[in-house]
file entry_28.txt (compact mmCIF, C-alpha atoms)
# COMPACT_ATOMS: atom_id res chain seq x y z
CA MET A 1326 -35.70 18.95 -51.59
CA PRO A 1327 -35.56 15.93 -53.90
CA LYS A 1328 -37.21 16.17 -57.27
CA ARG A 1329 -38.89 13.30 -58.97
CA ARG A 1330 -38.51 12.66 -62.68
CA MET A 1331 -41.74 11.63 -64.27
CA GLU A 1332 -41.98 8.89 -66.92
CA HIS A 1333 -42.53 11.37 -69.74
CA GLY A 1334 -39.23 13.12 -68.87
CA SER A 1335 -40.38 16.28 -67.15
CA VAL A 1336 -39.13 17.09 -63.68
CA GLU A 1337 -42.04 17.06 -61.34
CA ALA A 1338 -42.45 19.20 -58.28
CA GLU A 1339 -40.94 18.39 -54.88
CA VAL A 1340 -41.82 15.18 -53.15
CA PRO A 1341 -43.59 16.53 -50.09
CA ALA A 1342 -44.36 13.08 -48.75
CA ALA A 1343 -40.73 12.16 -47.97
CA GLY A 1344 -40.77 13.54 -44.41
CA LEU A 1345 -44.20 12.15 -43.77
CA ILE A 1346 -43.14 8.69 -44.92
CA SER A 1347 -40.40 8.69 -42.27
CA LEU A 1348 -42.92 9.91 -39.72
CA THR A 1349 -45.24 7.07 -40.67
CA ASP A 1350 -42.35 4.60 -40.42
CA VAL A 1351 -41.41 5.89 -36.98
CA MET A 1352 -44.98 5.70 -35.72
CA GLY A 1353 -45.41 2.28 -37.29
CA SER A 1354 -42.22 1.08 -35.59
CA LEU A 1355 -43.37 2.41 -32.23
CA VAL A 1356 -46.67 0.58 -32.51
CA LYS A 1357 -44.86 -2.63 -33.58
CA VAL A 1358 -42.40 -2.38 -30.67
CA PHE A 1359 -45.27 -1.82 -28.28
CA VAL A 1360 -47.22 -4.78 -29.63
CA LEU A 1361 -44.13 -7.00 -29.45
CA THR A 1362 -43.48 -6.03 -25.84
CA ILE A 1363 -47.05 -6.78 -24.75
CA PRO A 1364 -46.23 -10.38 -23.70
CA PHE A 1365 -43.66 -8.96 -21.31
CA LEU A 1366 -46.12 -6.49 -19.84
CA VAL A 1367 -49.10 -8.77 -19.44
CA GLU A 1368 -49.49 -10.54 -16.14
CA SER A 1369 -49.81 -14.30 -16.44
CA GLY A 1370 -50.03 -16.98 -13.83
CA ILE A 1371 -48.37 -20.01 -12.34
CA PHE A 1372 -50.92 -22.48 -11.08
CA VAL A 1373 -50.97 -23.41 -7.45
CA SER A 1374 -54.49 -24.67 -7.94
CA ARG A 1375 -53.88 -28.16 -6.69
CA SER A 1376 -51.82 -26.72 -3.90
CA MET A 1377 -52.29 -28.36 -0.57
CA ALA A 1378 -52.02 -25.93 2.23
CA ALA A 1379 -51.92 -28.95 4.42
CA LYS A 1380 -50.06 -29.09 7.63
CA LEU A 1381 -46.83 -31.02 7.66
CA ASN A 1382 -47.44 -31.93 11.27
CA ARG A 1383 -50.07 -34.41 10.18
CA PRO A 1384 -47.99 -37.52 9.50
CA ILE A 1385 -50.75 -39.59 7.89
CA GLN A 1386 -51.62 -36.93 5.33
CA GLN A 1387 -47.98 -36.31 4.62
CA LYS A 1388 -47.39 -39.98 3.94
CA GLN A 1389 -50.30 -40.11 1.51
CA VAL A 1390 -49.14 -37.04 -0.39
CA LYS A 1391 -45.55 -38.19 -0.59
CA THR A 1392 -46.30 -41.56 -2.19
CA ASP A 1393 -44.96 -40.61 -5.59
CA VAL A 1394 -43.18 -37.39 -4.71
CA LYS A 1395 -39.44 -37.67 -5.16
CA VAL A 1396 -38.66 -34.00 -4.82
CA SER A 1397 -39.40 -32.24 -1.56
CA ILE A 1398 -37.85 -28.83 -1.17
CA HIS A 1399 -37.82 -26.61 1.87
CA MET A 1400 -36.55 -23.04 1.69
CA ARG A 1401 -35.14 -21.83 4.97
CA ALA A 1402 -35.20 -18.24 6.12
CA ASP A 1403 -31.38 -18.19 6.24
CA GLY A 1404 -31.26 -18.92 2.49
CA VAL A 1405 -30.39 -22.61 2.78
CA ILE A 1406 -32.35 -24.90 0.48
CA GLU A 1407 -33.09 -28.42 1.63
CA LEU A 1408 -33.78 -31.15 -0.90
CA ASN A 1409 -35.38 -34.17 0.71
CA LYS A 1410 -34.32 -32.81 4.10
CA LYS A 1411 -30.65 -32.40 3.14
CA PRO A 1412 -29.10 -28.97 2.53
CA VAL A 1413 -27.97 -28.55 -1.07
CA THR A 1414 -26.28 -25.89 -3.17
CA GLN A 1415 -27.91 -24.35 -6.23
CA GLU A 1416 -25.63 -26.43 -8.48
CA GLN A 1417 -26.57 -29.67 -6.75
CA LEU A 1418 -30.22 -28.69 -6.97
CA GLU A 1419 -29.98 -28.11 -10.71
CA ASP A 1420 -28.31 -31.48 -11.13
CA LEU A 1421 -30.49 -33.55 -8.80
CA VAL A 1422 -34.00 -32.22 -9.43
CA PRO A 1423 -34.32 -33.42 -13.06
CA LYS A 1424 -32.96 -36.85 -12.10
CA LEU A 1425 -35.37 -37.20 -9.18
CA LEU A 1426 -38.33 -35.98 -11.23
CA ALA A 1427 -37.49 -38.54 -13.91
CA ARG A 1428 -38.04 -41.28 -11.34
CA SER A 1429 -41.48 -39.99 -10.43
CA ILE A 1430 -44.62 -41.00 -12.32
CA GLU A 1431 -46.71 -37.90 -11.68
CA LYS A 1432 -43.65 -35.65 -11.56
CA ASN A 1433 -45.00 -33.64 -8.67
CA ALA A 1434 -42.79 -31.73 -6.29
CA LEU A 1435 -43.42 -30.55 -2.76
CA LEU A 1436 -42.39 -27.06 -1.79
CA SER A 1437 -42.41 -25.44 1.60
CA ALA A 1438 -40.73 -22.32 2.90
CA ASP A 1439 -40.17 -20.57 6.17
CA ASN A 1440 -42.58 -17.72 6.81
CA GLU A 1441 -39.86 -15.09 6.45
CA VAL A 1442 -38.70 -16.18 2.99
CA VAL A 1443 -39.28 -13.50 0.38
CA TYR A 1444 -42.17 -14.34 -1.96
CA ASP A 1445 -40.06 -13.64 -5.06
CA ASN A 1446 -37.62 -16.41 -4.04
CA VAL A 1447 -40.48 -18.89 -3.66
CA VAL A 1448 -41.82 -18.00 -7.11
CA GLN A 1449 -38.33 -18.43 -8.56
CA MET A 1450 -38.19 -21.89 -6.99
CA ILE A 1451 -41.62 -22.84 -8.39
CA ASP A 1452 -40.45 -21.53 -11.77
CA PHE A 1453 -37.23 -23.54 -11.50
CA LEU A 1454 -39.10 -26.74 -10.61
CA LYS A 1455 -41.59 -26.32 -13.44
CA SER A 1456 -38.82 -25.54 -15.92
CA LYS A 1457 -37.10 -28.80 -14.87
CA GLY A 1458 -40.23 -30.79 -15.64
CA ALA A 1459 -42.30 -30.75 -12.46
CA GLY A 1460 -45.97 -31.26 -13.29
CA ASP A 1461 -47.44 -29.71 -10.19
CA VAL A 1462 -45.67 -27.98 -7.38
CA LEU A 1463 -47.59 -28.74 -4.22
CA ILE A 1464 -47.30 -25.93 -1.75
CA MET A 1465 -47.05 -27.13 1.81
CA LYS A 1466 -47.55 -25.08 4.92
CA ARG A 1467 -45.26 -25.84 7.80
CA GLY A 1468 -45.85 -25.54 11.49
CA GLY A 1469 -48.88 -25.09 13.68
CA MET B 118 -49.65 19.04 -64.36
CA ALA B 119 -52.00 20.51 -61.84
CA LYS B 120 -53.69 17.16 -61.72
CA ALA B 121 -50.40 15.46 -60.80
CA LYS B 122 -49.70 18.00 -58.06
CA GLY B 123 -53.17 17.49 -56.75
CA GLY B 124 -52.56 13.75 -56.69
CA GLU B 125 -49.35 14.18 -54.68
CA GLY B 126 -51.13 16.46 -52.30
CA GLU B 127 -53.71 13.77 -51.75
CA VAL B 128 -51.00 11.16 -51.17
CA ALA B 129 -49.25 13.45 -48.69
CA GLN B 130 -52.53 14.04 -46.92
CA ALA B 131 -53.23 10.31 -46.82
CA ILE B 132 -49.78 9.58 -45.38
CA PHE B 133 -50.21 12.37 -42.85
CA ASN B 134 -53.54 10.86 -41.83
CA LEU B 135 -51.93 7.44 -41.56
CA ALA B 136 -49.19 8.84 -39.31
CA ASN B 137 -51.87 10.46 -37.19
CA ILE B 138 -53.75 7.19 -36.93
CA PHE B 139 -50.56 5.38 -35.84
CA ALA B 140 -49.85 8.08 -33.29
CA PHE B 141 -53.41 7.84 -32.01
CA ILE B 142 -53.26 4.03 -31.74
CA PHE B 143 -49.92 4.27 -29.95
CA ILE B 144 -51.19 6.82 -27.44
CA VAL B 145 -54.37 4.80 -26.82
CA LEU B 146 -52.31 1.63 -26.28
CA ILE B 147 -50.01 3.38 -23.83
CA ILE B 148 -52.88 4.90 -21.86
CA ALA B 149 -55.06 1.81 -21.90
CA SER B 150 -52.27 -0.69 -21.31
CA LYS B 151 -52.71 -0.83 -17.54
CA GLN B 152 -56.45 -1.35 -17.80
CA MET B 153 -55.99 -3.85 -20.62
CA PHE B 154 -53.42 -6.01 -18.89
CA GLN B 155 -54.59 -5.85 -15.29
CA SER B 156 -57.91 -6.77 -13.81
CA THR B 157 -57.43 -4.33 -10.95
CA SER B 158 -55.93 -0.92 -10.44
CA VAL B 159 -53.93 -1.96 -7.37
CA GLU B 160 -50.27 -1.36 -8.13
CA VAL B 161 -47.94 -4.22 -7.24
CA GLU B 162 -44.63 -5.37 -8.63
CA VAL B 163 -45.23 -9.04 -9.32
CA PRO B 164 -42.31 -11.49 -9.70
CA LYS B 165 -40.97 -12.58 -13.08
CA ALA B 166 -40.96 -16.18 -14.27
CA ARG B 167 -40.08 -18.17 -17.37
CA VAL B 168 -42.84 -20.75 -17.07
CA ILE B 169 -46.24 -19.28 -17.77
CA GLU B 170 -49.30 -21.47 -17.34
CA ALA B 171 -52.43 -19.42 -16.99
CA ASP B 172 -54.19 -16.72 -18.90
CA LEU B 173 -55.63 -14.35 -16.34
CA GLU B 174 -58.67 -13.21 -18.29
CA GLN B 175 -61.92 -13.43 -16.35
CA SER B 176 -60.16 -13.94 -13.07
CA ILE B 177 -60.73 -12.63 -9.56
CA ALA B 178 -57.76 -10.51 -8.53
CA VAL B 179 -56.48 -10.65 -4.98
CA SER B 180 -53.61 -8.21 -4.52
CA ILE B 181 -51.05 -7.93 -1.75
CA LYS B 182 -49.14 -4.69 -1.64
CA LYS B 183 -45.61 -4.17 -0.35
CA ASP B 184 -47.00 -3.02 3.01
CA ARG B 185 -48.94 -6.34 3.24
CA THR B 186 -52.33 -4.73 2.73
CA LEU B 187 -54.75 -7.09 1.08
CA TYR B 188 -57.16 -6.20 -1.73
CA PHE B 189 -60.08 -8.05 -3.24
CA LYS B 190 -60.26 -6.51 -6.72
CA ASP B 191 -59.85 -2.81 -5.80
CA LYS B 192 -61.18 -3.00 -2.26
CA GLN B 193 -58.94 -3.26 0.79
CA VAL B 194 -59.98 -6.20 2.97
CA ASP B 195 -58.81 -8.42 5.79
CA LEU B 196 -58.44 -12.19 5.52
CA GLN B 197 -61.90 -13.01 6.86
CA THR B 198 -63.60 -10.57 4.52
CA LEU B 199 -61.53 -11.94 1.66
CA THR B 200 -62.88 -15.43 2.30
CA GLN B 201 -66.46 -14.15 2.30
CA LEU B 202 -66.01 -12.06 -0.85
CA VAL B 203 -64.36 -14.91 -2.74
CA LYS B 204 -67.23 -17.19 -1.72
CA GLN B 205 -69.81 -14.63 -2.90
CA ALA B 206 -67.96 -14.05 -6.17
CA GLN B 207 -67.78 -17.76 -6.91
CA GLU B 208 -71.46 -18.25 -6.13
CA GLU B 209 -72.36 -15.36 -8.43
CA TYR B 210 -70.14 -16.79 -11.15
CA LYS B 211 -71.70 -20.23 -10.84
CA SER B 212 -75.22 -18.84 -10.97
CA LYS B 213 -74.40 -16.77 -14.06
CA ASN B 214 -72.39 -19.49 -15.76
CA PRO B 215 -73.95 -22.81 -14.80
CA ASP B 216 -72.32 -24.49 -17.81
CA ALA B 217 -68.85 -23.06 -17.22
CA GLU B 218 -66.19 -25.55 -18.22
CA MET B 219 -64.10 -25.26 -15.06
CA GLY B 220 -67.04 -24.72 -12.75
CA GLU B 221 -65.47 -21.79 -10.94
CA GLN B 222 -63.62 -18.60 -11.61
CA LEU B 223 -59.85 -18.49 -11.48
CA VAL B 224 -58.41 -16.56 -8.55
CA VAL B 225 -55.12 -14.80 -9.16
CA ILE B 226 -52.91 -13.79 -6.25
CA ARG B 227 -51.07 -10.63 -7.27
CA ALA B 228 -48.50 -10.26 -4.52
CA ASP B 229 -45.65 -7.80 -4.48
CA LYS B 230 -42.42 -9.71 -4.92
CA SER B 231 -40.93 -8.28 -1.73
CA VAL B 232 -43.59 -9.52 0.70
CA ASP B 233 -42.90 -12.49 2.94
CA TRP B 234 -44.16 -15.94 2.03
CA LYS B 235 -46.43 -16.19 5.08
CA THR B 236 -48.53 -13.25 3.91
CA VAL B 237 -49.06 -14.91 0.53
CA LEU B 238 -49.77 -18.29 2.08
CA ASP B 239 -52.36 -16.76 4.42
CA ALA B 240 -54.08 -15.18 1.41
CA ILE B 241 -54.05 -18.51 -0.45
CA ASP B 242 -55.57 -20.18 2.61
CA ALA B 243 -58.27 -17.50 2.85
CA VAL B 244 -59.12 -17.96 -0.84
CA LYS B 245 -59.28 -21.71 -0.40
CA ARG B 246 -61.57 -21.31 2.58
CA GLY B 247 -63.81 -19.31 0.23
CA GLY B 248 -64.19 -22.47 -1.83
CA SER B 249 -61.80 -21.71 -4.68
CA LYS B 250 -59.64 -24.48 -6.01
CA ARG B 251 -58.26 -22.76 -9.09
CA ILE B 252 -55.59 -20.39 -7.85
CA THR B 253 -52.61 -18.91 -9.64
CA LEU B 254 -49.77 -16.65 -8.65
CA ALA B 255 -49.44 -13.64 -10.95
CA VAL B 256 -46.10 -13.31 -12.72
CA ILE B 257 -44.70 -11.40 -15.64
CA LYS B 258 -42.86 -13.27 -18.34
CA ARG B 259 -39.12 -13.14 -17.87
CA THR B 260 -37.18 -12.15 -20.97
CA THR B 261 -33.84 -13.79 -20.13
call {"tool": "encode", "arguments": {"input": "entry_28.txt", "output": "structure tokens"}}
result
Amino acid sequence: MPKRRMEHGSVEAEVPAAGLISLTDVMGSLVKVFVLTIPFLVESGIFVSRSMAAKLNRPIQQKQVKTDVKVSIHMRADGVIELNKKPVTQEQLEDLVPKLLARSIEKNALLSADNEVVYDNVVQMIDFLKSKGAGDVLIMKRGG
Amino acid sequence: MAKAKGGEGEVAQAIFNLANIFAFIFIVLIIASKQMFQSTSVEVEVPKARVIEADLEQSIAVSIKKDRTLYFKDKQVDLQTLTQLVKQAQEEYKSKNPDAEMGEQLVVIRADKSVDWKTVLDAIDAVKRGGSKRITLAVIKRTT
């Protein structure tokens, strides 16, 4: 065990705290790691508050909603993504969405998906749109 | 000399106590984390997202499990019951908090990421029929 030399020159007894200090450090580190990971454990939310579960088969409503909307995305069950009714690849989507949003005043985007589309994919699309600058993503419900 | 040894013993004891406190805090955090970070005990694997918009404190949790079962807080419900319960909850909230800034309580949809979009959309519709306009989709912050 290490010995500690005191100021007056005599060798003092063992330092019993050495092991405990490491223990304290380890416990302290664990608590810090836990606290730092909290943001990745806590559930947060993406707003769909101004979502419009409106029916797309109502042409008048659709026209009103679309006034300033330059980005309208539909996710098909077969995995194809349509941007303004034209099928696009992921690369095209990443290129076109910011440009289209830049032309919009309110920067809103419309999003619809087939019933069979996995929820996670829809959330990833909402996340993508918001990360590219969409103010609100208006959720539309298709069909009867 | 004895005094010095006594002092070291006290330091060791203090460090030992500190380590114990850290350990205790760590264990409490681990055990309480689920209750701290979730407003319901219903287990679902929510999607991850980069864009986080809402703090889910003081929210009404509506959960959708992998098997599409629907929960209002911890109670399994169907869509019609969900609408009624949301309506009741919002009325209670308004009567208790007449000066609430947003006027109504936030509703968070905690859907398992593997469910189909229609199930989530039906739940959103049911919540909206209950008179809620502030709705978010629960996500966990993505690290990469």
call {"tool": "closest_residue", "arguments": {"input": "entry_28.txt", "among": "A:Ile1398, A:Ile1451, A:Leu1425, A:Val1462", "to": "Ser1437 in chain A", "atoms": "all atoms listed in the file"}}
result
A:Ile1398
call {"tool": "atom_distance", "arguments": {"input": "entry_28.txt", "atom1": "CA of Asp1403 in chain A", "atom2": "CA of Gln1415 in chain A"}}
result
14.3 Å
call {"tool": "residues_around", "arguments": {"input": "entry_28.txt", "residues": "Arg246 in chain B", "least_positions_apart": "2", "cutoff": "12 Å", "atoms": "all atoms listed in the file", "output": "JSON, numbers by chain"}}
result
{"A": [1378], "B": [196, 197, 198, 199, 200, 201, 202, 203, 204, 205, 207, 239, 240, 241, 242, 243, 244, 248, 249, 250]}
call {"tool": "closest_residue", "arguments": {"input": "entry_28.txt", "among": "B:Arg227, B:Lys245, B:Lys165, B:Lys235", "to": "chain A", "atoms": "all atoms listed in the file"}}
result
B:Lys235
call {"tool": "interface_residues", "arguments": {"input": "entry_28.txt", "of": "chain B", "to": "chain A", "cutoff": "6 Å", "atoms": "only C-alpha atoms", "output": "list in words"}}
result
Ala129, Ala136, Phe139, Ala140, Phe143, Phe154, Pro164, Ala166, Val168, Ile169, Glu170, Ala171, Asp172, Leu173, Lys230, Ser231, Val232, Asp233, Trp234, Lys235, Lys250, Arg251, Ile252, Thr253, Leu254, Ala255, Val256, Ile257 and Lys258 of chain B
